[in-house]
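*Asks:* Structure below; questions to follow.
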Amino acid sequence: MATMKVGTVASLLGGDIVGDAQRDLTDVAALHEAGITHLSYAASDKQVRTLNQTKAGAVLLPKSLVAQAPKDLTAALIAVDDAQAAFVEIMLRFRPQAARPQIGISPQAIVSLTAQIGPDCNVHPGAVIGDGVILGSGCDVHPGAVIGDGCRIGDDVVIHPNAVLYHHVQVGNRVIIHATAVIGADGFGYRFTEGRFIHLPHTGTVVLEDDVEIGAGTTVDRAMIGSTVIGAGTKIDNQVMIAHNCRIGKHNAFAAQVGFAGSGSTGDYVRCGGQVGVADHAHIGTGTSVGAMAGVSGSIPDGERYHGIPARPEKEAIKVHMAMGKVPEMRVQLRELEATVKKLQAEIDALRGSASSDKKVA
Amino acid sequence: MATMKVGTVASLLGGDIVGDAQRDLTDVAALHEAGITHLSYAASDKQVRTLNQTKAGAVLLPKSLVAQAPKDLTAALIAVDDAQAAFVEIMLRFRPQAARPQIGISPQAIVSLTAQIGPDCNVHPGAVIGDGVILGSGCDVHPGAVIGDGCRIGDDVVIHPNAVLYHHVQVGNRVIIHATAVIGADGFGYRFTEGRFIHLPHTGTVVLEDDVEIGAGTTVDRAMIGSTVIGAGTKIDNQVMIAHNCRIGKHNAFAAQVGFAGSGSTGDYVRCGGQVGVADHAHIGTGTSVGAMAGVSGSIPDGERYHGIPARPEKEAIKVHMAMGKVPEMRVQLRELEATVKKLQAEIDALRGSASSDKKVA
Amino acid sequence: MATMKVGTVASLLGGDIVGDAQRDLTDVAALHEAGITHLSYAASDKQVRTLNQTKAGAVLLPKSLVAQAPKDLTAALIAVDDAQAAFVEIMLRFRPQAARPQIGISPQAIVSLTAQIGPDCNVHPGAVIGDGVILGSGCDVHPGAVIGDGCRIGDDVVIHPNAVLYHHVQVGNRVIIHATAVIGADGFGYRFTEGRFIHLPHTGTVVLEDDVEIGAGTTVDRAMIGSTVIGAGTKIDNQVMIAHNCRIGKHNAFAAQVGFAGSGSTGDYVRCGGQVGVADHAHIGTGTSVGAMAGVSGSIPDGERYHGIPARPEKEAIKVHMAMGKVPEMRVQLRELEATVKKLQAEIDALRGSASSDKKVA
């Protein structure tokens, strides 16, 4: 590993140093794992205020937060505009990424004679490319990946090992498909007739627009007639299910194990936490966030935050959650109140008796 | 693409035309995506009543619903007995499916010398077939699919790319196993002894009966002693987990991301929505539907509809769901009621005071 | 299949017989599936007390429970110290496991010239081993498994078909990775800047310690800087998601479809039921169990049992669950109580009127 002085890092980044500029750094590390030769970074107020707890030799932090750092730190501070971006830049100097190999089309790959492979592609051993596939330039198709007949793939696409594209799937530029993801399997649509399910032919397809990322083990089913679409820039984590005919907007981010039922849709900039479920035909509006494990049973407007099963606006959901924890106590209160009211009734009855007897007396 | 006149479509289907029989159609499309040269279909009352919103050139609909269609439609109507079935028939004329290739056993497949492959099978490049496997006639084993030693596979079975069958799995006729599904991995069974988990050998197997469909990424674990069984005609969507020793009945339909724990079972015609979880040893009775995201913690009778976590009969579940949303309001009501009751108590005490002073006076 | 007499089984196990020692046994079976020539086992009180329902020829049971068995059983009883362990021992005699094949490195495998393969390894046809991989002794790499560049794998490791290890993953001894599992894909970490997500390079890795088992379709993502760690002896079922930077302790057991968000952690001996979700940065303490479908939103102490969404201590969760079912009834009670209180108020007002009129009168 290379060594860099704190001062060198700071000048590469145009950052301001508080502390020892001469200290040698050999690698990056997270704040809680770093030692004296490590560069780390603090991005939040809380991380900056607790910098006396790290053993890092140097810490990148935003200029706007420098004043909040404790005094007398072990770590040298390097103040920059964007600590995370700066950290990534230095991380890649300490840990240069392996250069993209130039293997071309491996003789151990299985490539149809009718496939068109663009320039500068790597097709690794054991990869399979079907009839009539068109692959752009600069793509990597890793071992065991299978690209079905008639798929059209853009430029600079990476398809990781054992991922599967069924036939005629359309993939934009700079798309990343992680290992064992499956794009374009038939949607789960059947006719139920004479006591059995008859599979509906799915003659539609899947379109992954530019800059989409599909996580490992994620499945995106093909539409019956038209297209299941994942919009440009949308990032999907592992083990997510996108059913047939969904239309996912641009720049969405779905965490792991999310499931969309058939014909679901989203606007742009939608975020879903892990294990969210979305009912068929539901729509999530642009800019809306759905919290982890929520169940979206109908459509949700733009710009909201929804939580819970069934999903509700955040404030309401928090109230319901808080209240749910109080229900056992409420049952006790209700029972006590019933007893009190019964007692009051008896007291009133007694009073009425005495009042009427008073009256009689009177 | 072929062109067909509305009249031709109608006569192929034996349907009745309302509108222009001479219009040319070039393809099928969903109602909301269709243009003037597209054939679409409407199956529900609601779709028929809103047919003035589609731009389709022609729409198939059930004869029984023709009277409900708006007047003065752009679309020509073709009334048939079963609109969906008719639509599929015409869709496959506009979009003829690729003929099943006749590649036989690819020299780039890896097939054990002791495997028996029936007539008319396609074993694609990169597929792996183990020792002693018996494969019926007319099967397709796609690239990267791995069939373990001793598996017995029926006729007309399709095993999609990168699916894995562990050893000695039994598969009936006309079964479809989608990409990356895993059938027959060891069940998650351990002995916990001396502070560690010891794996229990799973010497049982998995049986997929006739006409079963297994979705992409779905896993069906093998039994420890006997068999994990998926009954005939049952359709399982993507990313479903069926644990060891489950016995799933016939003609079930499970949506994506459902999970059955060990030794679960179902009757026939059971349906589970997405992300349903079923506890170990639970049984779901014949004809019962379980709503999406429900948690089935015990056994459920036949012919019911269950929802929620924990799953309850639908009516009860709806009541609980509605009521849950009211709990924050109930807390307020309860607090107000407590205050009112306190006030009443004070008033009664005051009355009692005055009553007794009255008495004294009296 | 071999035949063994009840007496032979008992003497192999050092067990005590109640019943016919001469009966011939030909196989093992579960209690409810067994016939007269089958050996079964009963491990729980309930199973022992209902032994009159099995048709098994012989049943293993713990010595401590013999007194609870019904009289006049069909089955011969064989009392041993540990019925399950004894059963497994005999099961493997009736059903000897296939000997591990000795195929060495298949010429149809794709193995980098710079990979080091230890003695006694099987690298099956279609497996792919990348540059600089170090594989210990006695490993099995099954068809279609892909081991990325720079991975270091210990001894006696089994990697099932179509599993994928990305580059530089570290795997201990005796680890089992089931089919289509993916270890070391990039974590789901992005910078959101100028309206789009920019992928954060993940230069960390995944460490699977000794005796870890990873289920089919499970994904364990690599850390951004340090390591995602699965502790020694931990068993993970199918379709589980472990996100980047998680640190899972030793001897944990996670059932299927569990999801850990980024930077989650656990102590040792933690158990999670199926479909549990754990929020980012949450910690589950040593010895704690989390029930199926629970949602862990924050950290949980050692030695607890948690359930529900959000996860609460078991007793509290049960109370909340019970109470939730009562909420519809509580709403009715509350409404009735409000009516009663209103009536009381009226009665008090009436009394007060009469009292004051009394007073006036007085």
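Each chain of the structure tokens is named A, B, ... in the order shown, its residues numbered from 1; ligands are numbered from 1 in display order.
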Would you give me, as a ChimeraX atom specification, the residues of chain A that come within 6 Å of chain C, using only C-alpha atoms?
*Replies:* /A:29,327-328
*Asks:* Quick one: DSSP alpha helix (DSSP H) residues in segment 2-214 of chain A, as a list in words?
*Replies:*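 Matching residues, listed in order: Val6, Gly7, Thr8, Val9, Ala10, Ser11, Leu12, Leu13, Asp45, Lys46, Gln47, Val48, Arg49, Ala83, Gln84, Ala85, Ala86, Phe87, Val88, Glu89, Ile90, Met91, Leu92, Arg93 and Phe94 of chain A.
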*Asks:* For the selection just defined, write its residues with N, CA, C and O atoms to a file, as a compact mmCIF listing (two decimals), in the first residue's frame.
*Replies:*
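Dumped to selection16.txt:
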```
# COMPACT_ATOMS: atom_id res chain seq x y z
N VAL A 6 -0.51 13.53 5.67
CA VAL A 6 -1.74 14.30 5.86
C VAL A 6 -1.72 15.53 4.96
O VAL A 6 -2.72 15.86 4.30
N GLY A 7 -0.56 16.17 4.90
CA GLY A 7 -0.44 17.39 4.09
C GLY A 7 -0.68 17.12 2.61
O GLY A 7 -1.30 17.93 1.91
N THR A 8 -0.20 15.97 2.15
CA THR A 8 -0.39 15.62 0.74
C THR A 8 -1.88 15.40 0.44
O THR A 8 -2.40 15.87 -0.58
N VAL A 9 -2.53 14.69 1.33
CA VAL A 9 -3.96 14.45 1.16
C VAL A 9 -4.71 15.78 1.09
O VAL A 9 -5.53 16.02 0.20
N ALA A 10 -4.36 16.66 2.04
CA ALA A 10 -5.05 17.96 2.10
C ALA A 10 -4.83 18.76 0.83
O ALA A 10 -5.76 19.37 0.29
N SER A 11 -3.59 18.73 0.32
CA SER A 11 -3.37 19.56 -0.87
C SER A 11 -3.99 18.95 -2.12
O SER A 11 -4.45 19.66 -3.00
N LEU A 12 -4.07 17.60 -2.16
CA LEU A 12 -4.79 16.96 -3.28
C LEU A 12 -6.26 17.39 -3.30
O LEU A 12 -6.86 17.55 -4.36
N LEU A 13 -6.79 17.58 -2.10
CA LEU A 13 -8.22 17.89 -1.98
C LEU A 13 -8.50 19.38 -1.88
O LEU A 13 -9.66 19.79 -1.84
N ASP A 45 -23.09 15.88 12.02
CA ASP A 45 -22.82 16.63 13.25
C ASP A 45 -22.37 15.71 14.36
O ASP A 45 -21.40 15.97 15.05
N LYS A 46 -23.12 14.62 14.51
CA LYS A 46 -22.86 13.72 15.63
C LYS A 46 -21.46 13.11 15.51
O LYS A 46 -20.73 13.01 16.48
N GLN A 47 -21.11 12.70 14.27
CA GLN A 47 -19.78 12.11 14.08
C GLN A 47 -18.69 13.13 14.40
O GLN A 47 -17.68 12.80 15.00
N VAL A 48 -18.91 14.37 14.01
CA VAL A 48 -17.90 15.40 14.25
C VAL A 48 -17.76 15.69 15.74
O VAL A 48 -16.65 15.80 16.27
N ARG A 49 -18.88 15.76 16.43
CA ARG A 49 -18.84 16.08 17.87
C ARG A 49 -18.20 14.99 18.70
O ARG A 49 -17.78 15.22 19.82
N ALA A 83 -17.06 15.93 2.47
CA ALA A 83 -16.14 14.97 3.10
C ALA A 83 -16.26 13.59 2.47
O ALA A 83 -15.25 12.89 2.29
N GLN A 84 -17.47 13.16 2.15
CA GLN A 84 -17.64 11.81 1.60
C GLN A 84 -17.00 11.70 0.21
O GLN A 84 -16.28 10.74 -0.07
N ALA A 85 -17.26 12.70 -0.62
CA ALA A 85 -16.66 12.68 -1.97
C ALA A 85 -15.14 12.69 -1.88
O ALA A 85 -14.44 11.96 -2.60
N ALA A 86 -14.60 13.52 -0.96
CA ALA A 86 -13.15 13.59 -0.79
C ALA A 86 -12.59 12.27 -0.31
O ALA A 86 -11.54 11.79 -0.76
N PHE A 87 -13.32 11.64 0.62
CA PHE A 87 -12.88 10.36 1.16
C PHE A 87 -12.80 9.30 0.06
O PHE A 87 -11.83 8.55 -0.04
N VAL A 88 -13.83 9.26 -0.77
CA VAL A 88 -13.84 8.29 -1.86
C VAL A 88 -12.65 8.50 -2.78
O VAL A 88 -11.98 7.55 -3.21
N GLU A 89 -12.34 9.76 -3.05
CA GLU A 89 -11.21 10.08 -3.93
C GLU A 89 -9.90 9.54 -3.37
O GLU A 89 -9.11 8.91 -4.09
N ILE A 90 -9.68 9.75 -2.08
CA ILE A 90 -8.43 9.28 -1.47
C ILE A 90 -8.45 7.75 -1.31
O ILE A 90 -7.44 7.08 -1.50
N MET A 91 -9.64 7.19 -0.96
CA MET A 91 -9.76 5.73 -0.84
C MET A 91 -9.27 5.06 -2.12
O MET A 91 -8.55 4.06 -2.08
N LEU A 92 -9.66 5.63 -3.27
CA LEU A 92 -9.28 5.00 -4.54
C LEU A 92 -7.80 5.20 -4.86
O LEU A 92 -7.25 4.49 -5.70
N ARG A 93 -7.14 6.16 -4.18
CA ARG A 93 -5.68 6.27 -4.33
C ARG A 93 -4.97 5.22 -3.47
O ARG A 93 -4.01 4.59 -3.89
N PHE A 94 -5.47 5.03 -2.25
CA PHE A 94 -4.88 3.99 -1.40
C PHE A 94 -5.19 2.60 -1.95
O PHE A 94 -4.42 1.67 -1.77
```
*Asks:* One decimal, in Å: what's the spacing between atom CA of Arg174 of chain C and atom CA of His168 of chain B?
*Replies:*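 Atom CA of His168 of chain B lies 23.9 Å from atom CA of Arg174 of chain C.
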*Asks:* Can you pull out every residue from segment 102-216 of chain C that DSSP, working from the backbone, puts in strand (DSSP E), and format the result as an MDAnalysis selection string?
*Replies:* chainID C and resid 110:111 116:117 122:123 128:129 134:135 140:141 146:147 152:153 158:159 164:165 170:171 176:177 182:186 190:193 196:199 205:208 213:214
